Every structure is written in structure tokens, then in C-alpha cells.
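Participant: final_33.tsv is the file, holding TSV, C-alpha atoms and all ligand atoms:
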```
chain	number	residue	atom	x	y	z
A	24	MET	CA	-37.82	3.44	38.33
A	25	THR	CA	-36.75	0.28	36.55
A	26	ILE	CA	-33.12	-0.70	36.12
A	27	ASP	CA	-33.53	0.02	32.40
A	28	GLU	CA	-34.11	3.69	33.03
A	29	ALA	CA	-31.03	4.18	35.13
A	30	PRO	CA	-28.43	5.04	32.44
A	31	ARG	CA	-30.52	7.92	31.12
A	32	ASP	CA	-31.31	9.16	34.60
A	33	VAL	CA	-27.64	9.35	35.50
A	34	LEU	CA	-27.14	11.71	32.53
A	35	ARG	CA	-30.03	13.93	33.53
A	36	GLY	CA	-28.93	17.55	33.70
A	37	GLY	CA	-25.47	16.86	32.27
A	38	PRO	CA	-24.04	19.65	30.07
A	39	ARG	CA	-25.02	17.75	26.90
A	40	GLU	CA	-28.61	17.44	28.01
A	41	LEU	CA	-28.81	21.11	29.08
A	42	LEU	CA	-27.49	22.10	25.65
A	43	ARG	CA	-30.00	19.83	23.92
A	44	TRP	CA	-32.95	21.26	25.86
A	45	VAL	CA	-31.96	24.76	24.75
A	46	ALA	CA	-31.25	23.64	21.16
A	47	THR	CA	-34.69	22.01	20.86
A	48	GLY	CA	-36.53	24.94	22.44
A	49	ALA	CA	-37.61	22.91	25.47
A	50	ALA	CA	-35.80	25.46	27.67
A	51	VAL	CA	-35.10	29.16	27.13
A	52	SER	CA	-33.90	30.11	30.61
A	53	ARG	CA	-31.92	28.86	33.61
A	54	ALA	CA	-35.23	28.45	35.44
A	55	ASP	CA	-36.51	26.13	32.67
A	56	LEU	CA	-33.33	24.07	32.88
A	57	SER	CA	-33.62	23.82	36.64
A	58	ARG	CA	-37.23	22.65	36.36
A	59	LEU	CA	-36.46	20.08	33.60
A	60	SER	CA	-33.33	18.66	35.23
A	61	GLY	CA	-34.40	18.80	38.87
A	62	LEU	CA	-31.03	20.39	39.63
A	63	SER	CA	-30.68	23.35	41.97
A	64	PRO	CA	-30.60	26.84	40.37
A	65	SER	CA	-26.99	27.33	41.49
A	66	THR	CA	-25.83	24.06	39.87
A	67	VAL	CA	-27.65	24.95	36.65
A	68	SER	CA	-26.09	28.44	36.67
A	69	GLN	CA	-22.63	26.95	37.11
A	70	ARG	CA	-23.08	24.57	34.16
A	71	VAL	CA	-24.64	27.27	31.99
A	72	GLU	CA	-21.72	29.64	32.71
A	73	ALA	CA	-19.28	26.91	31.65
A	74	LEU	CA	-21.23	26.35	28.40
A	75	ILE	CA	-21.34	30.13	27.73
A	76	ASN	CA	-17.59	30.42	28.34
A	77	GLN	CA	-17.02	27.66	25.79
A	78	GLY	CA	-19.18	29.50	23.25
A	79	LEU	CA	-21.70	26.66	23.24
A	80	LEU	CA	-24.54	28.77	24.64
A	81	GLU	CA	-25.23	32.48	24.41
A	82	GLU	CA	-27.51	34.95	26.15
A	83	THR	CA	-29.94	36.78	23.89
A	84	GLY	CA	-31.38	39.77	25.69
A	85	ALA	CA	-34.23	39.52	28.11
A	86	GLY	CA	-37.19	37.16	28.24
A	87	ARG	CA	-40.68	38.05	29.36
A	88	SER	CA	-40.89	39.36	32.91
A	89	ARG	CA	-43.20	37.80	35.47
A	90	GLY	CA	-42.77	40.83	37.70
A	91	GLY	CA	-39.32	41.53	39.08
A	92	ARG	CA	-36.09	41.36	37.07
A	93	ARG	CA	-36.48	40.12	33.50
A	94	PRO	CA	-34.77	36.75	32.99
A	95	ARG	CA	-32.00	36.51	30.41
A	96	GLN	CA	-32.81	34.10	27.57
A	97	LEU	CA	-30.50	31.29	26.52
A	98	ALA	CA	-29.85	30.14	22.96
A	99	VAL	CA	-27.47	27.92	21.04
A	100	PRO	CA	-25.41	30.15	18.72
A	101	THR	CA	-26.76	29.59	15.20
A	102	GLY	CA	-25.89	30.82	11.75
A	103	GLY	CA	-22.17	30.17	12.09
A	104	ALA	CA	-20.74	27.10	10.41
A	105	VAL	CA	-18.71	25.64	13.22
A	106	VAL	CA	-18.78	21.89	12.70
A	107	GLY	CA	-17.50	20.18	9.56
A	108	ALA	CA	-19.00	16.86	8.45
A	109	ILE	CA	-18.15	14.29	5.78
A	110	ASP	CA	-20.35	11.30	4.92
A	111	LEU	CA	-18.32	9.15	2.57
A	112	GLY	CA	-20.06	6.67	0.30
A	113	ALA	CA	-18.82	4.29	-2.38
A	114	HIS	CA	-19.37	6.74	-5.24
A	115	HIS	CA	-20.35	10.03	-3.60
A	116	ALA	CA	-19.61	12.01	-0.48
A	117	ARG	CA	-21.92	14.45	1.27
A	118	VAL	CA	-19.86	17.27	2.75
A	119	GLY	CA	-21.28	20.01	4.93
A	120	THR	CA	-20.95	22.54	7.69
A	121	LEU	CA	-23.41	22.68	10.58
A	122	ASP	CA	-24.00	24.92	13.55
A	123	LEU	CA	-23.89	23.88	17.19
A	124	SER	CA	-27.57	22.98	17.25
A	125	GLY	CA	-26.88	20.38	14.53
A	126	ARG	CA	-28.56	22.47	11.80
A	127	VAL	CA	-27.05	22.20	8.31
A	128	VAL	CA	-25.56	25.54	7.18
A	129	GLN	CA	-24.15	24.40	3.84
A	130	ALA	CA	-23.95	21.00	2.17
A	131	ARG	CA	-22.97	19.59	-1.18
A	132	THR	CA	-22.57	16.20	-2.81
A	133	LEU	CA	-19.29	15.38	-4.55
A	134	PRO	CA	-18.43	12.43	-6.79
A	135	VAL	CA	-15.84	10.14	-5.23
A	136	ARG	CA	-13.64	7.34	-6.58
A	137	ILE	CA	-13.01	5.27	-3.45
A	138	GLU	CA	-10.36	3.25	-5.34
A	139	ASP	CA	-8.19	6.38	-5.59
A	140	GLY	CA	-7.22	5.56	-1.99
A	141	PRO	CA	-7.57	7.31	1.36
A	142	GLU	CA	-4.97	10.07	0.96
A	143	ALA	CA	-6.45	11.39	-2.30
A	144	VAL	CA	-10.11	10.99	-1.29
A	145	LEU	CA	-9.88	12.32	2.28
A	146	GLY	CA	-7.44	15.07	1.25
A	147	ALA	CA	-9.94	16.39	-1.31
A	148	LEU	CA	-12.88	16.15	1.11
A	149	LEU	CA	-11.01	17.94	3.92
A	150	ALA	CA	-10.14	20.69	1.43
A	151	GLU	CA	-13.84	20.94	0.58
A	152	VAL	CA	-14.75	21.40	4.27
A	153	THR	CA	-12.12	24.14	4.49
A	154	THR	CA	-13.60	25.86	1.45
A	155	LEU	CA	-17.13	25.66	2.86
A	156	VAL	CA	-16.03	27.09	6.22
A	157	GLY	CA	-14.00	29.81	4.51
A	158	GLY	CA	-17.02	30.72	2.42
A	159	ASP	CA	-19.13	31.32	5.49
A	160	PRO	CA	-18.56	34.90	6.74
A	161	ALA	CA	-19.85	34.00	10.22
A	162	ALA	CA	-17.00	31.49	10.56
A	163	GLY	CA	-14.41	34.19	10.04
A	164	GLY	CA	-12.83	32.52	7.04
A	165	SER	CA	-10.28	30.62	9.09
A	166	VAL	CA	-10.51	26.90	9.67
A	167	SER	CA	-8.66	27.01	12.96
A	168	GLY	CA	-10.64	30.05	14.11
A	169	ALA	CA	-14.30	29.10	14.20
A	170	LEU	CA	-14.30	25.40	13.37
A	171	ARG	CA	-14.76	23.21	16.46
A	172	GLY	CA	-14.14	19.86	14.84
A	173	ILE	CA	-14.86	17.55	11.91
A	174	GLY	CA	-16.90	14.34	11.97
A	175	ILE	CA	-16.25	11.74	9.27
A	176	GLY	CA	-18.33	8.70	8.33
A	177	ILE	CA	-16.59	5.80	6.52
A	178	PRO	CA	-18.48	3.05	4.62
A	179	GLY	CA	-16.58	0.27	6.41
A	180	PRO	CA	-15.60	-0.97	9.88
A	181	VAL	CA	-13.84	1.64	12.04
A	182	GLN	CA	-12.02	0.81	15.27
A	183	HIS	CA	-13.55	3.49	17.45
A	184	ALA	CA	-10.72	4.11	19.91
A	185	THR	CA	-8.10	4.72	17.18
A	186	GLY	CA	-10.11	5.90	14.16
A	187	ARG	CA	-8.48	3.18	12.07
A	188	ILE	CA	-10.28	1.33	9.23
A	189	VAL	CA	-10.29	-2.47	9.61
A	190	SER	CA	-10.95	-4.89	6.70
A	191	PRO	CA	-13.45	-2.85	4.66
A	192	SER	CA	-15.26	-4.39	1.67
A	193	ARG	CA	-14.83	-2.75	-1.76
A	194	MET	CA	-12.31	-0.18	-0.45
A	195	PRO	CA	-8.96	-1.23	-1.95
A	196	GLY	CA	-6.03	0.50	-0.26
A	197	TRP	CA	-8.00	1.57	2.83
A	198	ASN	CA	-7.40	-1.43	5.12
A	199	GLY	CA	-5.57	-0.38	8.30
A	200	PHE	CA	-5.58	3.29	7.27
A	201	ASP	CA	-5.42	5.64	10.26
A	202	VAL	CA	-7.99	8.28	9.29
A	203	ALA	CA	-7.65	10.22	12.54
A	204	ALA	CA	-3.84	10.51	12.25
A	205	PHE	CA	-4.04	11.49	8.57
A	206	CYS	CA	-6.54	14.25	9.34
A	207	ALA	CA	-4.60	15.45	12.41
A	208	GLY	CA	-1.71	16.26	10.07
A	209	ARG	CA	-3.96	18.48	7.94
A	210	VAL	CA	-6.37	20.30	10.26
A	211	ASP	CA	-5.79	21.48	13.81
A	212	VAL	CA	-9.23	20.67	15.19
A	213	PRO	CA	-10.51	17.37	16.64
A	214	VAL	CA	-11.50	14.85	13.97
A	215	ILE	CA	-13.87	12.05	14.97
A	216	VAL	CA	-14.26	9.02	12.73
A	217	ASP	CA	-17.03	6.43	12.78
A	218	ASN	CA	-18.71	4.11	10.33
A	219	ASP	CA	-21.50	5.47	8.15
A	220	ALA	CA	-24.27	3.30	9.64
A	221	ASN	CA	-23.49	4.59	13.16
A	222	LEU	CA	-23.64	8.18	11.90
A	223	MET	CA	-26.95	7.54	10.14
A	224	ALA	CA	-28.28	6.01	13.38
A	225	LEU	CA	-27.14	8.98	15.47
A	226	GLY	CA	-28.46	11.55	12.98
A	227	ALA	CA	-31.83	9.81	12.61
A	228	HIS	CA	-32.22	9.24	16.35
A	229	ARG	CA	-31.43	12.84	17.31
A	230	THR	CA	-33.70	14.34	14.64
A	231	THR	CA	-36.62	11.87	14.63
A	232	HIS	CA	-36.68	9.53	17.64
A	233	SER	CA	-34.89	11.32	20.47
A	234	GLU	CA	-37.74	10.35	22.84
A	235	LEU	CA	-37.12	6.62	22.19
A	236	ASP	CA	-34.40	4.80	24.12
A	237	HIS	CA	-33.86	1.67	22.02
A	238	ALA	CA	-33.58	1.78	18.23
A	239	ILE	CA	-31.98	-0.06	15.31
A	240	TYR	CA	-31.15	1.74	12.06
A	241	ILE	CA	-30.31	-0.33	8.96
A	242	LYS	CA	-28.28	1.36	6.24
A	243	ALA	CA	-28.90	-0.46	2.97
A	244	GLY	CA	-27.04	1.01	0.02
A	245	THR	CA	-24.08	-0.37	-1.93
A	246	GLY	CA	-23.14	-2.14	1.33
A	247	ILE	CA	-25.34	-3.04	4.27
A	248	GLY	CA	-24.92	-2.31	7.97
A	249	SER	CA	-26.71	-1.07	11.05
A	250	GLY	CA	-26.33	1.28	13.99
A	251	VAL	CA	-27.66	0.61	17.49
A	252	ILE	CA	-29.09	3.13	19.93
A	253	SER	CA	-29.29	1.64	23.43
A	254	SER	CA	-30.60	3.57	26.46
A	255	GLY	CA	-30.59	6.72	24.31
A	256	ARG	CA	-26.93	6.44	23.31
A	257	LEU	CA	-25.03	5.10	20.32
A	258	HIS	CA	-23.85	1.61	21.28
A	259	ARG	CA	-20.50	0.75	19.68
A	260	GLY	CA	-19.48	-2.28	21.71
A	261	ALA	CA	-15.91	-3.00	22.77
A	262	GLN	CA	-14.13	-2.14	19.51
A	263	GLY	CA	-16.73	-0.28	17.49
A	264	SER	CA	-18.15	-3.18	15.48
A	265	ALA	CA	-21.56	-3.37	17.23
A	266	GLY	CA	-24.38	-3.36	14.69
A	267	ASP	CA	-22.22	-4.62	11.82
A	268	ILE	CA	-24.57	-7.23	10.39
A	269	SER	CA	-22.91	-7.36	6.96
A	270	HIS	CA	-21.24	-10.75	7.44
A	271	CYS	CA	-24.05	-12.50	9.30
A	272	ARG	CA	-24.98	-15.65	7.42
A	273	VAL	CA	-28.40	-15.99	5.79
A	274	VAL	CA	-30.18	-18.90	4.11
A	275	ALA	CA	-29.31	-18.70	0.41
A	276	ASP	CA	-29.01	-21.43	-2.19
A	277	PRO	CA	-26.61	-21.18	-3.88
A	278	ALA	CA	-24.73	-19.14	-1.25
A	279	PRO	CA	-22.92	-16.36	-3.13
A	280	PRO	CA	-19.25	-15.78	-2.22
A	281	CYS	CA	-18.53	-12.73	-0.05
A	282	THR	CA	-15.57	-10.34	-0.08
A	283	CYS	CA	-14.71	-11.58	3.45
A	284	GLY	CA	-13.90	-15.08	2.14
A	285	ASN	CA	-17.04	-16.76	3.47
A	286	ALA	CA	-20.22	-17.42	1.50
A	287	GLY	CA	-23.87	-16.50	2.08
A	288	CYS	CA	-23.17	-13.34	4.08
A	289	LEU	CA	-26.01	-10.79	4.26
A	290	GLU	CA	-23.84	-8.37	2.27
A	291	ALA	CA	-23.34	-10.95	-0.50
A	292	VAL	CA	-27.12	-11.51	-0.77
A	293	ALA	CA	-28.89	-8.25	0.08
A	294	SER	CA	-26.58	-5.27	-0.49
A	295	GLY	CA	-26.85	-3.02	-3.53
A	296	ALA	CA	-23.53	-4.41	-4.80
A	297	ALA	CA	-24.92	-7.97	-4.45
A	298	LEU	CA	-28.03	-7.07	-6.48
A	299	VAL	CA	-25.84	-5.63	-9.27
A	300	THR	CA	-23.69	-8.81	-9.31
A	301	ALA	CA	-26.71	-11.14	-9.26
A	302	LEU	CA	-28.49	-9.33	-12.09
A	303	ARG	CA	-25.35	-9.31	-14.22
A	304	GLY	CA	-25.04	-13.04	-13.53
A	305	GLN	CA	-28.53	-13.45	-15.02
A	306	GLY	CA	-27.42	-11.60	-18.15
A	307	VAL	CA	-29.06	-8.27	-17.32
A	308	PRO	CA	-26.72	-5.43	-18.41
A	309	VAL	CA	-26.81	-3.25	-15.30
A	310	SER	CA	-23.83	-1.17	-14.19
A	311	ASP	CA	-24.71	0.16	-10.75
A	312	LEU	CA	-27.30	0.41	-7.96
A	313	THR	CA	-29.08	3.29	-9.71
A	314	GLY	CA	-29.70	0.95	-12.65
A	315	VAL	CA	-31.02	-1.78	-10.33
A	316	ILE	CA	-33.42	0.61	-8.60
A	317	ARG	CA	-34.67	1.84	-11.99
A	318	LEU	CA	-35.39	-1.76	-13.05
A	319	ILE	CA	-37.27	-2.46	-9.80
A	320	ASP	CA	-39.30	0.76	-10.18
A	321	ASP	CA	-40.15	-0.35	-13.74
A	322	GLY	CA	-41.44	-3.67	-12.38
A	323	ASP	CA	-38.69	-5.80	-13.99
A	324	ARG	CA	-39.39	-9.42	-13.00
A	325	GLN	CA	-35.80	-10.53	-12.29
A	326	ALA	CA	-34.85	-7.37	-10.39
A	327	THR	CA	-38.04	-7.46	-8.31
A	328	ALA	CA	-37.53	-11.14	-7.40
A	329	LEU	CA	-33.98	-10.36	-6.25
A	330	ALA	CA	-35.20	-7.39	-4.21
A	331	ARG	CA	-37.76	-9.63	-2.46
A	332	GLN	CA	-35.07	-12.20	-1.73
A	333	ALA	CA	-32.87	-9.42	-0.34
A	334	GLY	CA	-35.73	-8.16	1.85
A	335	ARG	CA	-36.27	-11.66	3.28
A	336	ALA	CA	-32.54	-11.95	4.05
A	337	VAL	CA	-32.50	-8.56	5.83
A	338	GLY	CA	-35.68	-9.58	7.71
A	339	GLU	CA	-34.11	-12.88	8.83
A	340	ILE	CA	-31.12	-11.15	10.40
A	341	LEU	CA	-33.25	-8.33	11.79
A	342	ALA	CA	-35.57	-10.85	13.45
A	343	VAL	CA	-32.62	-12.19	15.44
A	344	VAL	CA	-31.59	-8.65	16.34
A	345	VAL	CA	-35.13	-7.65	17.37
A	346	ASN	CA	-35.69	-10.82	19.45
A	347	PHE	CA	-32.35	-10.28	21.16
A	348	PHE	CA	-32.44	-6.51	21.63
A	349	ASN	CA	-36.16	-5.60	21.81
A	350	PRO	CA	-35.97	-2.13	20.21
A	351	GLN	CA	-38.87	0.35	20.04
A	352	VAL	CA	-38.15	1.17	16.41
A	353	VAL	CA	-36.42	-0.41	13.42
A	354	ALA	CA	-35.81	2.11	10.65
A	355	ILE	CA	-34.25	1.47	7.27
A	356	GLY	CA	-32.29	4.09	5.37
A	357	GLY	CA	-29.87	4.20	2.46
A	358	ARG	CA	-30.74	4.01	-1.22
A	359	LEU	CA	-32.47	0.60	-0.99
A	360	ALA	CA	-34.93	1.94	1.62
A	361	ASP	CA	-37.11	3.30	-1.19
A	362	CYS	CA	-37.32	-0.14	-2.77
A	363	GLU	CA	-40.89	-1.22	-1.99
A	364	PRO	CA	-40.59	-5.01	-2.70
A	365	LEU	CA	-37.52	-5.23	-0.45
A	366	LEU	CA	-39.24	-3.35	2.36
A	367	ALA	CA	-42.44	-5.40	2.11
A	368	SER	CA	-40.70	-8.78	2.36
A	369	MET	CA	-38.40	-7.51	5.13
A	370	ARG	CA	-41.45	-6.45	7.14
A	371	ALA	CA	-43.29	-9.76	6.52
A	372	THR	CA	-40.26	-11.83	7.56
A	373	LEU	CA	-39.80	-9.74	10.70
A	374	TYR	CA	-43.39	-10.32	11.85
A	375	GLU	CA	-43.17	-14.02	10.98
A	376	ARG	CA	-39.93	-14.65	12.88
A	377	CYS	CA	-40.21	-12.38	15.91
A	378	LEU	CA	-41.70	-12.99	19.31
A	379	PRO	CA	-45.15	-11.34	19.56
A	380	LEU	CA	-43.95	-9.42	22.61
A	381	ALA	CA	-41.05	-7.97	20.61
A	382	THR	CA	-43.24	-6.77	17.71
A	383	GLN	CA	-46.37	-5.75	19.65
A	384	THR	CA	-45.48	-2.05	19.67
A	385	LEU	CA	-42.44	-2.17	17.35
A	386	LEU	CA	-42.31	0.66	14.82
A	387	ILE	CA	-40.93	-0.37	11.41
A	388	GLU	CA	-40.17	2.73	9.35
A	389	ARG	CA	-38.07	4.35	6.68
A	390	VAL	CA	-35.41	6.73	7.94
A	391	ALA	CA	-37.13	10.08	7.42
A	392	ALA	CA	-34.19	12.40	7.89
A	393	GLY	CA	-33.17	12.76	4.21
A	394	GLN	CA	-29.79	12.97	2.52
A	395	ASP	CA	-28.20	15.03	5.31
A	396	VAL	CA	-28.80	12.40	8.00
A	397	GLY	CA	-25.18	11.19	7.84
A	398	ILE	CA	-23.56	14.62	8.15
A	399	THR	CA	-26.06	15.48	10.90
A	400	GLY	CA	-24.92	12.41	12.84
A	401	ALA	CA	-21.27	13.33	12.17
A	402	ALA	CA	-21.91	16.85	13.49
A	403	HIS	CA	-23.58	15.50	16.64
A	404	LEU	CA	-20.51	13.34	17.31
A	405	VAL	CA	-18.39	16.49	17.24
A	406	ILE	CA	-20.88	18.55	19.28
A	407	ASP	CA	-20.98	15.80	21.96
A	408	HIS	CA	-17.18	15.77	22.01
A	409	VAL	CA	-16.98	19.57	22.35
A	410	VAL	CA	-19.57	19.59	25.13
A	411	ALA	CA	-17.85	16.75	26.98
A	412	ALA	CA	-14.54	18.65	26.75
A	413	ALA	CA	-16.28	21.75	28.15
B	501	ZN	ZN	-18.85	-11.81	4.34
```
Before we go any further, please render this structure as C-alpha cells.
Facilitator:
Amino acid sequence: MTIDEAPRDVLRGGPRELLRWVATGAAVSRADLSRLSGLSPSTVSQRVEALINQGLLEETGAGRSRGGRRPRQLAVPTGGAVVGAIDLGAHHARVGTLDLSGRVVQARTLPVRIEDGPEAVLGALLAEVTTLVGGDPAAGGSVSGALRGIGIGIPGPVQHATGRIVSPSRMPGWNGFDVAAFCAGRVDVPVIVDNDANLMALGAHRTTHSELDHAIYIKAGTGIGSGVISSGRLHRGAQGSAGDISHCRVVADPAPPCTCGNAGCLEAVASGAALVTALRGQGVPVSDLTGVIRLIDDGDRQATALARQAGRAVGEILAVVVNFFNPQVVAIGGRLADCEPLLASMRATLYERCLPLATQTLLIERVAAGQDVGITGAAHLVIDHVVAAA
């Protein structure tokens, strides 16, 4: 065993991992769990009982007999909407309910005006979660009854320990807002807050790359950020800002001013908001990111050149990240991930600037998990919290 493998090994057979093996179908019985974890049957039974008592696992009749008593089968309760999730964006929010296996039960997209401020926006989205849970008969119609918690993704920096938003770009009125405290006054279940890139990373890793230990997920939409999976776990760093590449400086001439007060930040060059600003500066009448993407799809010369420049800028920063961190996969999600010229120049810059050893087996992909990746990550945050509490 190398030192690298140690952190995962320590977790082996923990309640979260037992639950995941059952949720993914890798295990259907206590015997399976004992075999996979290497733990003794009595230890596994103890942990399984605790998970059953918490309602996180259930027994579903008898499995196939191999002679002797038929073993009871284990399953993660499904069908009931028990986790609420909100993935807040600059103009839209994805709101959903998910079951304990992380499967989406219901989800809808709502228009959002972030400038209306945190009380109005979060108040409306929490009400929407309540409505969704109430509309699900399996949840019993009561938020406090079946709901185990709510996970919320914010498109800006979140101090992880407190759930407070710190110096977000393009979110007037949100700086310093205590999301966790605001929500605690409105719902009586745990509310866990994180930034949207971390939730995308967690959702994508759990659904697509759970076998990989080291991964970087870039979220490129109106803003730009990334989430880091290290040794199989979301890496937040000391305060929660790990992976926030938005204000890393890139080569740009002239260096456009950034909302943070500096110039030439990645966000000021390569984010969706930056592309809108740059095109407008060139006299192209475009109002939002949707308009920019349409121009790029239509092969517009100015928009395509800007997308290539943005891809090079993302690639420059990513090359530093890849050389430093040596991930197995770099995946890009968010609305700009479908922008082919951006992706192509990002990929070329990465290969040009990285150590051969770092790119030899590196996967460079689009995030494949779809529009529910953020709420899936939010739900997994809550599920992990519930399991840890159990
Ligand atoms: Zn900046």
C-alpha cells in the first residue's frame, strides 16, 4: 500500500461506504458488506442495525438461499423525497427533492433575480422545496416529518464552517450573508451550504467517477470556478476556498478589470459574463450568455475568437493546477462546456503546458451528469451529514 492510498483505506467499511455499496448495488446483504469491507460479520451487523434504526437502510424480504436460512436483503429506501436541494445560479435555480440513494425524485428550474437579495431569493426557493416535499405522498406532506435536510449551492465563495457568503462577484447584497442562519429560522432540518462548483464536483464524482481518487471539475458559466476531489473526498481547504480559480491572473493584453479590484483575473477574461462584456465592447449587441453561445454556434468570427482566448486562459490556469495536483481527470461543466472552440483551445494549452507525466493518462472530459448534477451534489452533502450523524 502506498501512502496515497491510506486516507481511503481508513474509511473502508465506514457507515457511509456501507450505505454507498448498498445504494450502488455492489452489496445486497450483510455477507456482501462483510466481504467488501473486510470487517467481521458482527461489526457489519452492528453498523447495519444503526443504519436501519436511522431509516437509512431497510430490509426487503429474503434473498436467494444457498441452503440454510434465507438471508435478508438490504436496500436504501427509495421513492420517498427525503432530501431537498437547491442549485442557485445567476439567473436560474434548479430545485429538487432526492431520495437517500441520491436519485432525483422531482426537480424544476425557476427563474431567479439574484439582485433581489438573499432573503427574497432564498425565501422563495425554500418555499419551493417545501412545496415539492409536500407534493410527494411518500414524504407525508410535512417538511419536518420526512425531510432529512437541505443542501444549497451558492454561485460565490462560501465559508464552509459557518455557511456565510464572502465577497461574491455579481451578487449585490449577498456579501457576508449567513445562509445557514437564515435557513435555520425557516426550516427545522439541517441546511448545508457550499459553493456551486464544489457541488458540481461532488455530484459529478459520485455519479461518474467514483472509482477515481483525484479529480478537478471546472464550472464555466456566468462565473468560473472549480471543485477538487482529493483521495476520493471533496477538498475544501482551511476555509472553503480551495478550487476557487476565478481570481487567478492570466496573460491578457489589455488586462480587463475584474469585480475584485484587480485586472486580468481568469473570471474577467474567460467567464460567460466576461464574454458578454467583451463582445459588447466590440459593438456586438448581445445581452446574455445564451446570446454569446448562439453566436459561437453560428460561427460568428468575433465570438469564436473570444471563446478561443477564454479556452487558452482556462487552460493556462488548469495547467498549473494539473502540474501541482496530478489529477486522474479534469472535467468541465457549466454552460460554456458545450462551447467547442473554448474546449479545443483549453485542451491544447493543457497538453502544451503540462508535464508529460501529468498528462500521460489524464482524462479531459465534459461533465456528463446533466442539469441535475448540482442538486445531486447538494443531496450527497446532506446524505453524508445524515450518515455521519447516525
Ligand atoms: Zn478578480
Participant: Write out, as CSV, each residue of chain A that has an atom at most 10 Å from ligand ZN 501 (chain B), together with the closest pair of atoms and their distance in Å to one decimal, counting all atoms listed in the file, rows going by chain and rising number.
Facilitator:
```
residue,atom,partner,partner_atom,distance
A:Ser192,CA,B:ZN501,ZN,8.7
A:Ile268,CA,B:ZN501,ZN,9.5
A:Ser269,CA,B:ZN501,ZN,6.6
A:His270,CA,B:ZN501,ZN,4.1
A:Cys271,CA,B:ZN501,ZN,7.2
A:Arg272,CA,B:ZN501,ZN,7.9
A:Pro279,CA,B:ZN501,ZN,9.6
A:Pro280,CA,B:ZN501,ZN,7.7
A:Cys281,CA,B:ZN501,ZN,4.5
A:Thr282,CA,B:ZN501,ZN,5.7
A:Cys283,CA,B:ZN501,ZN,4.2
A:Gly284,CA,B:ZN501,ZN,6.3
A:Asn285,CA,B:ZN501,ZN,5.3
A:Ala286,CA,B:ZN501,ZN,6.4
A:Gly287,CA,B:ZN501,ZN,7.2
A:Cys288,CA,B:ZN501,ZN,4.6
A:Leu289,CA,B:ZN501,ZN,7.2
A:Glu290,CA,B:ZN501,ZN,6.4
A:Ala291,CA,B:ZN501,ZN,6.7
A:Val292,CA,B:ZN501,ZN,9.7
```
Participant: Find the distance between atom CA of A:Val128 and atom CA of A:Gly248 and write it in Å to one decimal.
Facilitator: 27.9 Å
Participant: Here is a test: counting only C-alpha atoms, which residue of A:Val45, A:Ala143, A:Ala402, A:Val135 is nearest to A:Gln96?
Facilitator: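 Under the stated criterion, the closest residue is A:Val45.
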Participant: Could you list, as a VMD selection string, every residue within 12 Å of stretch 111-115 of chain A, counting all atoms listed in the file and ignoring same-chain residues fewer than 5 positions away?
Facilitator: chain A and resid 131 to 141 144 to 145 147 to 149 174 to 179 191 to 195 216 to 220 222 to 223 242 to 247 295 to 296 311 to 313 357 to 358 394 to 395 397 to 398 401
Participant: How far is it from atom CA of A:Pro64 to atom CA of A:Gly37, in Å with one decimal?
Facilitator: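 For atom CA of A:Pro64 relative to atom CA of A:Gly37, the distance reads 13.8 Å.
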Participant: Please provide the set of residues having any atom within 10 Å of A:Thr327, restricted to all atoms listed in the file, with same-chain residues fewer than 5 positions apart removed, written as a ChimeraX atom specification.
Facilitator: /A:315-316,318-322,332-333,362-365
Participant: Quick one: of A:Ala367, A:Ala330, A:Val309, A:Ile239, who's nearest to A:Val390, counting all atoms listed in the file?
Facilitator: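 For A:Val390, the nearest of the candidates is A:Ile239.
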Participant: Could you check the closest approach to A:Arg70 for each of A:His403, A:His237, A:His232, A:Arg39 and tell me which residue wins, using all atoms listed in the file?
Facilitator: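 For A:Arg70, the nearest of the given residues is A:Arg39.
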Participant: So which residues touch A:Thr231 within 9 Å, counting all atoms listed in the file, skipping near sequence neighbours fewer than 3 positions away, as a list of chain:residue names?
Facilitator: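 Contacts, with the query itself left out: A:Gly226, A:Ala227, A:His228, A:Glu234, A:Val390, A:Ala391, A:Ala392.
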Participant: Atom CA of A:Leu385 and atom CA of A:Val274, how far apart in Å?
Facilitator: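 Those two atoms sit 24.6 Å apart.
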Participant: Just the residues within 7 Å of A:Leu373, please, counting all atoms listed in the file, with nothing from its chain fewer than 6 positions along; format it as a VMD selection string.
Facilitator: chain A and resid 338 to 339 341 to 342
Participant: Report as JSON lines the residues of stretch 120-157 of chain A within 12 Å of stretch 78-84 of chain A, each with its shortest atom pair and distance in Å (one decimal), using all atoms listed in the file, ordered by chain and increasing residue number.
Facilitator:
```
{"residue": "A:Asp122", "atom": "CA", "partner": "A:Leu79", "partner_atom": "CA", "distance": 10.1}
{"residue": "A:Leu123", "atom": "CA", "partner": "A:Leu79", "partner_atom": "CA", "distance": 7.0}
{"residue": "A:Ser124", "atom": "CA", "partner": "A:Leu79", "partner_atom": "CA", "distance": 9.2}
{"residue": "A:Gly125", "atom": "CA", "partner": "A:Leu79", "partner_atom": "CA", "distance": 11.9}
```
Participant: Using all atoms listed in the file, which of the listed residues (A:Leu298, A:Ala150, A:Leu386, A:Leu41) sits closest to A:Ser60?
Facilitator: A:Leu41
Participant: Taking the point (-18.0, 10.2, 19.2) as given in the file, collect each protein or nucleic acid residue that comes within 12 Å of it, counting only C-alpha atoms, and present the set as number ranges by chain.
Facilitator: A: 172-176, 181-186, 213-218, 221-222, 225, 256-259, 263, 400-412
Participant: May I have the protein, DNA and RNA residues with an atom at most 10 Å from (-41.6, -12.1, 22.0), counting all atoms listed in the file in the file's coordinates, returned as a list in words?
Facilitator: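 Every residue inside that radius is included here: Val345, Asn346, Phe347, Asn349, Arg376, Cys377, Leu378, Pro379, Leu380, Ala381, Thr382 and Gln383 of chain A.
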Participant: With distances taken over only C-alpha atoms, which of A:Thr230, A:Val202, A:Ser249, A:Ala413 is nearest to A:Val71?
Facilitator: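 With only C-alpha atoms as the atom set, the closest residue is A:Ala413.
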